[in-house]
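target_13.cif (mmCIF, C-alpha atoms and all ligand atoms)
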data_input
loop_
_atom_site.label_atom_id
_atom_site.label_comp_id
_atom_site.auth_asym_id
_atom_site.auth_seq_id
_atom_site.Cartn_x
_atom_site.Cartn_y
_atom_site.Cartn_z
CA MET A 269 132.46 -78.31 -42.34
CA ASN A 270 129.70 -75.75 -41.83
CA SER A 271 130.69 -72.10 -41.34
CA ARG A 272 131.81 -71.09 -37.85
CA ILE A 273 129.08 -69.71 -35.57
CA HIS A 274 130.69 -67.71 -32.79
CA TYR A 275 129.25 -67.14 -29.35
CA THR A 276 129.41 -63.36 -29.60
CA LYS A 277 131.25 -60.93 -31.86
CA PRO A 278 131.27 -57.13 -32.05
CA SER A 279 129.67 -55.17 -34.89
CA ILE A 280 132.45 -52.98 -36.29
CA THR A 281 131.77 -50.72 -39.29
CA GLU A 282 133.75 -48.10 -41.17
CA LYS A 283 132.47 -45.54 -38.64
CA GLU A 284 134.28 -47.23 -35.72
CA VAL A 285 137.45 -47.53 -37.82
CA GLU A 286 137.22 -43.90 -38.90
CA TYR A 287 136.74 -42.54 -35.37
CA ALA A 288 139.46 -44.76 -33.88
CA THR A 289 141.84 -43.73 -36.66
CA ASP A 290 141.09 -40.08 -36.01
CA ALA A 291 141.71 -40.57 -32.28
CA ALA A 292 145.02 -42.30 -33.01
CA ARG A 293 146.11 -39.55 -35.42
CA ASN A 294 144.80 -36.44 -33.73
CA GLY A 295 143.47 -37.26 -30.26
CA TRP A 296 146.48 -36.19 -28.24
CA GLY A 297 147.61 -33.15 -26.26
CA GLU A 298 144.71 -30.78 -25.77
CA ARG A 299 142.38 -33.12 -27.61
CA CYS A 300 143.17 -36.20 -25.53
CA TYR A 301 139.75 -36.22 -23.79
CA GLU A 302 137.53 -35.23 -26.74
CA TYR A 303 136.10 -38.64 -27.59
CA ILE A 304 135.85 -39.58 -23.90
CA HIS A 305 133.70 -36.56 -23.11
CA ARG A 306 131.63 -37.03 -26.26
CA PHE A 307 131.02 -40.68 -25.42
CA GLU A 308 129.92 -39.77 -21.90
CA VAL A 309 127.49 -37.15 -23.23
CA PHE A 310 125.95 -39.51 -25.81
CA PHE A 311 125.72 -42.31 -23.26
CA LYS A 312 123.97 -40.05 -20.72
CA GLN A 313 121.49 -38.99 -23.39
CA HIS A 314 120.80 -42.56 -24.41
CA LEU A 315 120.20 -43.64 -20.84
CA GLY A 316 118.42 -40.53 -19.58
CA VAL A 317 120.72 -39.86 -16.60
CA ASN A 318 122.49 -36.73 -15.38
CA TYR A 319 126.04 -38.02 -14.92
CA ALA A 320 128.35 -40.55 -16.56
CA ILE A 321 132.02 -41.43 -16.12
CA ALA A 322 133.74 -43.63 -18.70
CA THR A 323 135.92 -46.32 -17.12
CA SER A 324 138.30 -49.07 -18.16
CA SER A 325 135.78 -51.75 -17.13
CA CYS A 326 132.48 -52.43 -15.42
CA THR A 327 134.44 -54.08 -12.62
CA GLY A 328 136.28 -50.80 -12.03
CA ALA A 329 133.06 -48.76 -12.18
CA LEU A 330 131.49 -51.03 -9.55
CA HIS A 331 134.62 -50.88 -7.38
CA MET A 332 134.63 -47.07 -7.37
CA GLY A 333 130.88 -46.79 -6.83
CA LEU A 334 130.92 -49.17 -3.87
CA ALA A 335 133.96 -47.36 -2.43
CA ALA A 336 132.17 -44.01 -2.77
CA LEU A 337 129.23 -45.42 -0.80
CA GLY A 338 131.70 -46.05 2.02
CA ILE A 339 131.50 -49.83 1.86
CA GLY A 340 134.35 -51.44 3.76
CA PRO A 341 135.55 -54.31 5.94
CA GLY A 342 132.78 -56.32 7.59
CA ASP A 343 129.99 -54.81 5.50
CA GLU A 344 127.62 -57.04 3.55
CA VAL A 345 126.38 -56.57 0.00
CA ILE A 346 123.49 -58.69 -1.27
CA LEU A 347 123.44 -60.02 -4.84
CA ALA A 348 122.14 -63.03 -6.73
CA ASP A 349 124.03 -66.31 -6.51
CA THR A 350 123.66 -66.84 -10.27
CA ASN A 351 126.12 -64.26 -11.60
CA TRP A 352 129.44 -63.57 -13.24
CA ILE A 353 132.29 -63.06 -10.73
CA ALA A 354 132.79 -59.44 -11.87
CA SER A 355 129.69 -58.35 -9.93
CA ALA A 356 131.00 -59.86 -6.69
CA ALA A 357 134.78 -59.33 -6.87
CA PRO A 358 134.72 -55.54 -6.22
CA ILE A 359 132.84 -56.19 -2.95
CA THR A 360 135.73 -58.34 -1.77
CA TYR A 361 138.32 -55.76 -2.96
CA LEU A 362 136.87 -53.47 -0.26
CA GLY A 363 137.03 -56.13 2.43
CA ALA A 364 133.24 -56.48 2.45
CA ASN A 365 131.34 -59.75 2.09
CA PRO A 366 129.08 -60.71 -0.80
CA VAL A 367 125.85 -62.33 0.42
CA PHE A 368 124.52 -64.61 -2.29
CA VAL A 369 120.76 -65.11 -2.41
CA ASP A 370 118.59 -67.22 -4.68
CA ILE A 371 117.01 -66.14 -7.95
CA LEU A 372 113.50 -66.24 -9.35
CA PRO A 373 112.96 -69.20 -11.69
CA ASP A 374 111.46 -67.07 -14.47
CA THR A 375 113.70 -63.96 -14.54
CA TRP A 376 116.93 -65.68 -13.34
CA CYS A 377 117.50 -62.50 -11.27
CA LEU A 378 117.34 -61.65 -7.53
CA ASP A 379 114.32 -62.98 -5.65
CA PRO A 380 113.12 -59.98 -3.57
CA GLN A 381 111.80 -62.26 -0.82
CA HIS A 382 115.24 -63.76 -0.32
CA VAL A 383 116.79 -60.30 -0.41
CA ARG A 384 114.49 -59.19 2.39
CA ALA A 385 115.37 -62.26 4.44
CA ALA A 386 119.12 -61.68 3.96
CA ILE A 387 119.18 -58.14 5.35
CA THR A 388 121.21 -57.65 8.54
CA PRO A 389 122.55 -54.56 10.34
CA GLN A 390 125.73 -55.03 8.25
CA THR A 391 123.93 -54.82 4.88
CA LYS A 392 125.21 -51.75 3.04
CA ALA A 393 123.94 -52.29 -0.52
CA ILE A 394 121.94 -54.52 -2.85
CA ILE A 395 123.34 -55.12 -6.33
CA ALA A 396 120.63 -55.81 -8.88
CA VAL A 397 122.27 -57.53 -11.84
CA HIS A 398 120.02 -57.63 -14.90
CA LEU A 399 121.14 -61.07 -16.03
CA TYR A 400 121.45 -61.70 -19.78
CA GLY A 401 119.28 -58.57 -20.36
CA ASN A 402 116.46 -59.83 -18.11
CA LEU A 403 115.27 -57.17 -15.69
CA CYS A 404 115.27 -57.44 -11.90
CA GLU A 405 112.09 -56.70 -9.94
CA MET A 406 113.19 -53.09 -9.41
CA ASP A 407 110.02 -51.77 -7.73
CA GLU A 408 110.18 -54.40 -5.02
CA LEU A 409 113.94 -54.07 -4.58
CA LEU A 410 113.71 -50.27 -4.32
CA ALA A 411 110.93 -50.62 -1.74
CA ILE A 412 113.09 -52.97 0.34
CA GLY A 413 116.05 -50.60 -0.01
CA GLU A 414 113.96 -47.62 1.04
CA GLN A 415 112.50 -49.42 4.04
CA HIS A 416 115.97 -50.31 5.35
CA GLY A 417 117.87 -47.26 4.11
CA ILE A 418 120.02 -49.41 1.81
CA PRO A 419 120.99 -48.25 -1.70
CA VAL A 420 120.05 -50.45 -4.67
CA ILE A 421 122.77 -50.52 -7.31
CA GLU A 422 122.27 -51.75 -10.88
CA ASP A 423 124.91 -53.80 -12.66
CA ALA A 424 123.49 -53.24 -16.14
CA ALA A 425 126.51 -54.65 -18.00
CA GLU A 426 124.26 -57.12 -19.83
CA ALA A 427 121.22 -54.89 -20.06
CA ILE A 428 121.86 -52.09 -22.51
CA GLY A 429 118.55 -51.85 -24.40
CA SER A 430 116.48 -53.22 -21.53
CA ILE A 431 113.70 -50.91 -20.29
CA TYR A 432 111.76 -51.20 -17.03
CA HIS A 433 108.44 -49.35 -17.16
CA GLY A 434 109.83 -46.48 -19.21
CA LYS A 435 113.23 -46.30 -17.52
CA ARG A 436 116.38 -47.76 -19.02
CA ALA A 437 118.24 -50.40 -17.02
CA GLY A 438 121.07 -48.73 -15.15
CA SER A 439 119.21 -45.43 -14.71
CA ILE A 440 116.93 -46.56 -11.88
CA GLY A 441 119.05 -47.29 -8.79
CA LYS A 442 121.53 -45.24 -6.75
CA PHE A 443 124.04 -45.80 -9.53
CA GLY A 444 124.41 -48.05 -12.54
CA THR A 445 127.38 -49.69 -14.23
CA PHE A 446 127.97 -50.94 -17.77
CA SER A 447 130.58 -53.04 -19.55
CA PHE A 448 131.85 -52.55 -23.09
CA HIS A 449 133.85 -55.76 -23.16
CA GLY A 450 134.09 -57.32 -26.62
CA THR A 451 131.21 -59.70 -25.92
CA LYS A 452 128.71 -56.99 -24.99
CA THR A 453 126.06 -55.36 -27.22
CA LEU A 454 128.06 -52.10 -27.31
CA THR A 455 131.81 -52.59 -27.25
CA THR A 456 135.01 -50.58 -26.97
CA GLY A 457 137.17 -53.71 -26.68
CA GLU A 458 137.44 -53.25 -22.94
CA GLY A 459 135.63 -50.49 -21.14
CA GLY A 460 132.82 -49.51 -18.86
CA MET A 461 130.64 -46.68 -17.57
CA PHE A 462 129.50 -45.41 -14.20
CA VAL A 463 126.16 -43.55 -14.28
CA THR A 464 124.07 -41.81 -11.63
CA ASN A 465 121.57 -39.01 -11.04
CA ASP A 466 123.13 -38.20 -7.67
CA ALA A 467 125.33 -35.08 -7.94
CA ASP A 468 127.32 -35.73 -4.76
CA LEU A 469 127.98 -39.35 -5.61
CA TYR A 470 129.10 -38.30 -9.09
CA GLU A 471 131.57 -35.76 -7.68
CA HIS A 472 132.93 -38.34 -5.27
CA VAL A 473 133.42 -41.03 -7.94
CA LEU A 474 134.89 -38.45 -10.33
CA THR A 475 137.50 -37.58 -7.71
CA LEU A 476 138.19 -41.25 -6.97
CA SER A 477 138.52 -41.93 -10.70
CA ASN A 478 141.19 -39.26 -11.00
CA HIS A 479 143.55 -40.74 -8.39
CA GLY A 480 141.82 -38.76 -5.69
CA ARG A 481 142.36 -35.35 -7.29
CA ALA A 482 139.27 -33.23 -6.71
CA LYS A 483 137.89 -31.19 -9.61
CA GLY A 484 138.33 -27.86 -7.80
CA GLN A 485 141.84 -28.58 -6.51
CA ALA A 486 144.10 -25.81 -7.85
CA ARG A 487 147.41 -27.45 -6.90
CA GLN A 488 148.88 -29.73 -9.56
CA PHE A 489 149.64 -33.34 -8.67
CA TRP A 490 147.81 -32.92 -5.36
CA PRO A 491 145.47 -35.81 -4.55
CA ASP A 492 143.09 -35.16 -1.65
CA MET A 493 142.51 -38.88 -1.04
CA ILE A 494 143.62 -42.29 -2.29
CA GLY A 495 141.75 -42.96 -5.51
CA PHE A 496 141.76 -45.37 -8.41
CA LYS A 497 143.01 -45.56 -11.98
CA TYR A 498 140.15 -46.99 -14.00
CA LYS A 499 140.10 -44.62 -16.96
CA MET A 500 138.98 -45.26 -20.51
CA SER A 501 141.38 -44.18 -23.25
CA ASN A 502 140.40 -41.69 -25.94
CA ILE A 503 140.91 -44.34 -28.64
CA GLN A 504 138.51 -46.73 -26.92
CA ALA A 505 136.04 -43.88 -26.44
CA ALA A 506 136.23 -43.12 -30.18
CA ILE A 507 135.01 -46.64 -30.91
CA GLY A 508 132.37 -46.10 -28.22
CA CYS A 509 131.17 -42.91 -29.93
CA ALA A 510 130.62 -44.79 -33.18
CA GLN A 511 128.83 -47.58 -31.34
CA ILE A 512 126.54 -45.27 -29.38
CA GLU A 513 125.56 -43.48 -32.62
CA ARG A 514 124.44 -46.92 -33.84
CA ILE A 515 122.92 -48.03 -30.55
CA ASP A 516 119.31 -48.29 -31.74
CA ASP A 517 120.37 -50.57 -34.60
CA LEU A 518 122.65 -52.63 -32.34
CA ILE A 519 119.82 -53.25 -29.87
CA ALA A 520 117.25 -53.90 -32.60
CA ALA A 521 119.52 -56.54 -34.16
CA LYS A 522 119.95 -58.35 -30.84
CA ARG A 523 116.19 -58.32 -30.32
CA GLN A 524 115.61 -59.65 -33.83
CA ILE A 525 118.03 -62.53 -33.23
CA PHE A 526 116.21 -63.40 -30.02
CA SER A 527 112.85 -63.23 -31.75
CA ASN A 528 114.09 -65.62 -34.47
CA TYR A 529 115.27 -68.11 -31.85
CA LYS A 530 111.93 -67.84 -30.10
CA THR A 531 110.08 -68.70 -33.30
CA HIS A 532 112.32 -71.67 -34.09
CA LEU A 533 112.20 -73.02 -30.53
CA SER A 534 108.46 -72.67 -30.00
CA GLY A 535 106.68 -75.73 -28.68
CA LEU A 536 109.78 -77.09 -26.92
CA PRO A 537 109.84 -77.69 -23.13
CA VAL A 538 112.19 -74.74 -22.61
CA SER A 539 111.84 -71.20 -21.34
CA LEU A 540 113.74 -68.33 -22.90
CA ASN A 541 114.55 -64.85 -21.57
CA PRO A 542 111.30 -63.30 -20.31
CA GLU A 543 109.83 -59.96 -21.32
CA PRO A 544 107.07 -59.13 -18.82
CA THR A 545 104.38 -56.55 -19.68
CA GLY A 546 105.67 -53.00 -19.41
CA THR A 547 109.29 -54.00 -20.02
CA VAL A 548 111.65 -54.40 -22.96
CA ASN A 549 114.45 -56.98 -22.93
CA GLY A 550 117.67 -55.83 -24.62
CA CYS A 551 118.28 -59.51 -25.44
CA TRP A 552 122.03 -59.49 -24.89
CA MET A 553 122.23 -63.24 -24.43
CA PRO A 554 119.48 -65.56 -25.67
CA SER A 555 119.40 -68.49 -23.26
CA ILE A 556 117.29 -71.58 -22.83
CA VAL A 557 116.32 -73.24 -19.57
CA VAL A 558 114.99 -76.77 -20.03
CA GLU A 559 111.94 -77.64 -17.94
CA ASN A 560 112.41 -79.81 -14.88
CA GLY A 561 111.58 -83.45 -15.56
CA VAL A 562 112.88 -83.35 -19.14
CA ALA A 563 116.12 -85.30 -19.58
CA PHE A 564 118.90 -82.81 -20.33
CA ASP A 565 122.68 -82.79 -20.24
CA ARG A 566 124.12 -79.41 -21.16
CA GLU A 567 127.53 -80.88 -22.01
CA GLN A 568 125.94 -83.21 -24.54
CA LEU A 569 124.05 -80.42 -26.27
CA LEU A 570 127.16 -78.20 -26.33
CA ALA A 571 129.10 -81.14 -27.80
CA THR A 572 126.61 -81.43 -30.68
CA PHE A 573 127.09 -77.67 -31.21
CA ARG A 574 130.87 -78.09 -31.29
CA ALA A 575 130.64 -80.94 -33.78
CA ASP A 576 128.85 -78.52 -36.13
CA ASN A 577 131.31 -75.65 -35.55
CA ILE A 578 128.95 -73.75 -33.21
CA ASP A 579 130.14 -72.07 -30.02
CA GLY A 580 127.54 -72.23 -27.20
CA ARG A 581 128.23 -71.51 -23.55
CA VAL A 582 127.23 -72.79 -20.13
CA PHE A 583 124.86 -70.76 -17.98
CA PHE A 584 126.58 -69.09 -14.98
CA TRP A 585 127.48 -71.38 -12.09
CA PRO A 586 126.27 -70.27 -8.65
CA LEU A 587 129.09 -68.06 -7.35
CA SER A 588 128.76 -69.75 -3.94
CA MET A 589 129.97 -72.98 -5.59
CA LEU A 590 133.39 -71.43 -6.25
CA PRO A 591 136.22 -72.39 -3.91
CA MET A 592 136.70 -68.87 -2.51
CA PHE A 593 133.16 -68.62 -1.15
CA ASP A 594 131.07 -70.65 1.30
CA SER A 595 128.66 -72.92 -0.54
CA LYS A 596 124.94 -72.18 -0.27
CA PRO A 597 123.00 -75.13 -1.67
CA GLU A 598 119.89 -73.69 -0.01
CA ASN A 599 119.81 -71.38 -3.05
CA LYS A 600 117.82 -74.09 -4.76
CA VAL A 601 116.95 -72.37 -8.04
CA SER A 602 120.55 -71.24 -8.60
CA TYR A 603 121.88 -74.74 -7.83
CA GLN A 604 119.47 -76.36 -10.25
CA ILE A 605 119.23 -73.97 -13.17
CA PHE A 606 122.85 -73.96 -14.38
CA ASN A 607 122.69 -77.66 -15.20
CA ARG A 608 119.50 -77.18 -17.20
CA ALA A 609 120.45 -74.15 -19.28
CA ILE A 610 122.80 -72.86 -21.96
CA ASN A 611 123.50 -69.60 -23.78
CA LEU A 612 122.90 -69.49 -27.53
CA PRO A 613 125.13 -67.59 -29.97
CA SER A 614 124.06 -63.99 -30.63
CA TYR A 615 125.84 -61.28 -32.61
CA HIS A 616 124.93 -58.78 -35.27
CA ASP A 617 126.29 -60.68 -38.26
CA LEU A 618 124.51 -63.91 -37.31
CA THR A 619 122.22 -64.76 -40.24
CA ALA A 620 118.68 -66.16 -40.14
CA PRO A 621 119.81 -69.53 -41.61
CA GLU A 622 122.55 -69.73 -38.97
CA ILE A 623 120.03 -69.11 -36.20
CA GLU A 624 117.89 -71.88 -37.67
CA ARG A 625 120.94 -74.16 -37.73
CA VAL A 626 121.53 -73.59 -34.00
CA ALA A 627 117.84 -74.02 -33.17
CA GLN A 628 117.73 -77.24 -35.18
CA HIS A 629 120.34 -78.78 -32.88
CA VAL A 630 118.30 -77.83 -29.81
CA ARG A 631 115.15 -79.28 -31.38
CA ALA A 632 116.92 -82.48 -32.38
CA TYR A 633 118.49 -82.87 -28.93
CA LEU A 634 115.13 -82.47 -27.23
CA GLY A 635 113.62 -85.01 -29.65
CA ALA A 636 111.36 -82.54 -31.40
C1 LIG A 701 130.63 -58.41 -18.42
C2 LIG A 701 130.09 -58.18 -17.05
C3 LIG A 701 130.82 -57.51 -16.07
C4 LIG A 701 132.27 -57.22 -16.21
O1 LIG A 701 132.52 -56.24 -17.07
P1 LIG A 701 134.06 -55.84 -17.32
O2 LIG A 701 133.92 -54.66 -18.21
O3 LIG A 701 134.71 -57.02 -17.96
O4 LIG A 701 134.63 -55.51 -16.00
C5 LIG A 701 130.21 -57.20 -14.87
N1 LIG A 701 128.95 -57.56 -14.62
C6 LIG A 701 128.22 -58.24 -15.53
C7 LIG A 701 126.82 -58.58 -15.20
C8 LIG A 701 128.78 -58.58 -16.76
O5 LIG A 701 128.08 -59.27 -17.66
#
Starting from the file, give its structure as structure tokens.
Ligand SMILES: *Cc1c(COP(=O)(O)O)cnc(C)c1O
Amino acid sequence: MNSRIHYTKPSITEKEVEYATDAARNGWGERCYEYIHRFEVFFKQHLGVNYAIATSSCTGALHMGLAALGIGPGDEVILADTNWIASAAPITYLGANPVFVDILPDTWCLDPQHVRAAITPQTKAIIAVHLYGNLCEMDELLAIGEQHGIPVIEDAAEAIGSIYHGKRAGSIGKFGTFSFHGTKTLTTGEGGMFVTNDADLYEHVLTLSNHGRAKGQARQFWPDMIGFKYKMSNIQAAIGCAQIERIDDLIAAKRQIFSNYKTHLSGLPVSLNPEPTGTVNGCWMPSIVVENGVAFDREQLLATFRADNIDGRVFFWPLSMLPMFDSKPENKVSYQIFNRAINLPSYHDLTAPEIERVAQHVRAYLGA
């Protein structure tokens, strides 16, 4: 049996172990926020934003951000149909309705034309999810948002390392959110981050994140509103501090893996994650989409992976296909692409020969 090739895996060095150990030994009492605050500062610097709040998940960061924007029952929030449920679930927590629109065939992200067409008087936000590290058409989305007075939010959970015309993903919209789940480029096991340049929004989310206790409130145990409990622990933040110190290397490694795949898959009738001029793709998840007209069965290809001890994954289903939402087969690209695409393994310890081994299966399957 060939060695196991995982789907994703974190990159943990002595530095992460050292910081986490220090947090476990010493990070209590007066020092119980030290790594959290340090992580927030480093993350802000990396991203180039004014404010950051560490959270227990990206889902929680999105929930608080949407709540702070006043989104509630009957409101609509537009996002792409092709997505992970975590981007849509917080909308429903607030009693609002996700409005799923189709994606562009080349970026696999929101199609601005469909966004424009989906706007109603109930629309309260647009969530731009940078899928698999691919960037949304932010200029067009921001223009639509501005025209209608609707904030554009970035779910940048998959896009650490992605840069849109000089600005890092997550730093461009009204607010941005990140995930540090174990599968992501930067991990704390579980965790997330809320970022913004808007001082008022920051204060509001900070209060919400502290069970509604405002920063200036002198009375102890006195919440001024109902808030949330989505905090990151100091031990998780310690791991985050080590990861953010290594962020350039972590991103570079993911980009190198993608570049190797690209070389080995050249000439095949597939498209990979795009990197349009003026942008950088953080390459969280190398994925292939097989051209229309070419015979392809994703389950068959994944089965050949499994037979060789390789873990590949299916491309996201359209969320509107799930039983809790109304189906929207008019989202033609979303309803076609998932059957014609898969995610390829990508993590920092993946070796060049292992990448070649994966690529060889794709080549063989496609008869090349
Ligand atoms: C991973 C992911 C999330 C969820 O992050 P959690 O930290 O698990 O809540 C949200 N959105 C996108 C796009 C993701 O990839």
(request) Produce as a PyMOL selection string the set of residues near ligand LIG 701 (chain A), where near means within 10 Å with all atoms listed in the file considered. (result) chain A and resi 323-331+351-358+396-401+422-427+445-452+455-461+552-553
(message) Applying 12 Å and all atoms listed in the file, which residues near A:Phe526 remain after dropping the ones on its own chain fewer than 2 positions away? List them as a ChimeraX atom specification.
(response) /A:400-401,519-524,528-533,540-543,549-556,611-616,618-620,623-624,627
(message) Report, in Å to a single decimal, how far apart atom CA of A:Phe573 and atom CA of A:His629 are.
(response) 7.0 Å
(request) Please provide as a list in words all residues within 6 Å of stretch 282-295 of chain A, with the sequence filter that same-chain residues fewer than 6 positions apart are discarded (counting all atoms listed in the file). (result) Ile503, Ala506, Ile507 and Ala510 of chain A
(request) Find the residues near A:Gln390: any atom within 8 Å, counting only C-alpha atoms, skip ones fewer than 3 places away on the same chain, and give them as a PyMOL selection string. (result) chain A and resi 342-344+387
(request) Find, counting all atoms listed in the file, the residue in A:Tyr633, A:Phe606, A:Tyr319, A:Tyr303 that gets nearest to A:Tyr470. (result) A:Tyr319
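Considering the residues A:Ser477, A:Gln568, A:Thr350, A:Asn318 and counting all atoms listed in the file, A:Val630 has its shortest atom-to-atom contact with A:Gln568.
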(request) Show which residues sit within 9 Å of A:Gly316, as a PyMOL selection string. Count only C-alpha atoms, and ignore same-chain residues fewer than 6 positions away. (result) chain A and resi 435-436+439
Repair of stretch 372-393 of chain A at the level of N, CA and C atoms, as a CSV table (one decimal), keeping the file's coordinate frame:
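Saved result, part_9.csv, follows:
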chain,number,residue,atom,x,y,z
A,372,LEU,N,114.8,-65.8,-8.9
A,372,LEU,CA,113.5,-66.2,-9.4
A,372,LEU,C,113.6,-67.2,-10.5
A,373,PRO,N,112.8,-68.2,-10.6
A,373,PRO,CA,113.0,-69.2,-11.7
A,373,PRO,C,112.6,-68.6,-13.1
A,374,ASP,N,111.8,-67.6,-13.1
A,374,ASP,CA,111.5,-67.1,-14.5
A,374,ASP,C,112.3,-65.9,-15.0
A,375,THR,N,112.9,-65.1,-14.1
A,375,THR,CA,113.7,-64.0,-14.5
A,375,THR,C,115.2,-64.3,-14.4
A,376,TRP,N,115.5,-65.3,-13.6
A,376,TRP,CA,116.9,-65.7,-13.3
A,376,TRP,C,117.7,-64.6,-12.6
A,377,CYS,N,116.9,-63.6,-12.0
A,377,CYS,CA,117.5,-62.5,-11.3
A,377,CYS,C,117.0,-62.6,-9.8
A,378,LEU,N,117.7,-61.8,-9.0
A,378,LEU,CA,117.3,-61.6,-7.5
A,378,LEU,C,115.9,-61.9,-7.2
A,379,ASP,N,115.7,-62.8,-6.2
A,379,ASP,CA,114.3,-63.0,-5.6
A,379,ASP,C,114.1,-62.0,-4.5
A,380,PRO,N,113.3,-61.0,-4.6
A,380,PRO,CA,113.1,-60.0,-3.6
A,380,PRO,C,112.8,-60.6,-2.2
A,381,GLN,N,112.1,-61.6,-2.1
A,381,GLN,CA,111.8,-62.3,-0.8
A,381,GLN,C,113.1,-62.7,-0.1
A,382,HIS,N,114.0,-63.3,-0.9
A,382,HIS,CA,115.2,-63.8,-0.3
A,382,HIS,C,116.1,-62.6,0.0
A,383,VAL,N,116.0,-61.5,-0.7
A,383,VAL,CA,116.8,-60.3,-0.4
A,383,VAL,C,116.4,-59.8,0.9
A,384,ARG,N,115.0,-59.7,1.1
A,384,ARG,CA,114.5,-59.2,2.4
A,384,ARG,C,115.0,-60.0,3.6
A,385,ALA,N,115.0,-61.3,3.4
A,385,ALA,CA,115.4,-62.3,4.4
A,385,ALA,C,116.9,-62.2,4.7
A,386,ALA,N,117.7,-61.7,3.8
A,386,ALA,CA,119.1,-61.7,4.0
A,386,ALA,C,119.6,-60.4,4.6
A,387,ILE,N,118.7,-59.4,4.8
A,387,ILE,CA,119.2,-58.1,5.4
A,387,ILE,C,119.6,-58.2,6.8
A,388,THR,N,120.7,-57.7,7.2
A,388,THR,CA,121.2,-57.6,8.5
A,388,THR,C,121.7,-56.2,8.8
A,389,PRO,N,122.0,-55.9,10.1
A,389,PRO,CA,122.6,-54.6,10.3
A,389,PRO,C,123.8,-54.2,9.5
A,390,GLN,N,124.5,-55.3,9.0
A,390,GLN,CA,125.7,-55.0,8.2
A,390,GLN,C,125.5,-54.8,6.8
A,391,THR,N,124.2,-55.0,6.3
A,391,THR,CA,123.9,-54.8,4.9
A,391,THR,C,124.1,-53.4,4.5
A,392,LYS,N,124.9,-53.1,3.5
A,392,LYS,CA,125.2,-51.8,3.0
A,392,LYS,C,124.7,-51.5,1.6
A,393,ALA,N,124.4,-52.5,0.8
A,393,ALA,CA,123.9,-52.3,-0.5
A,393,ALA,C,123.3,-53.6,-1.1
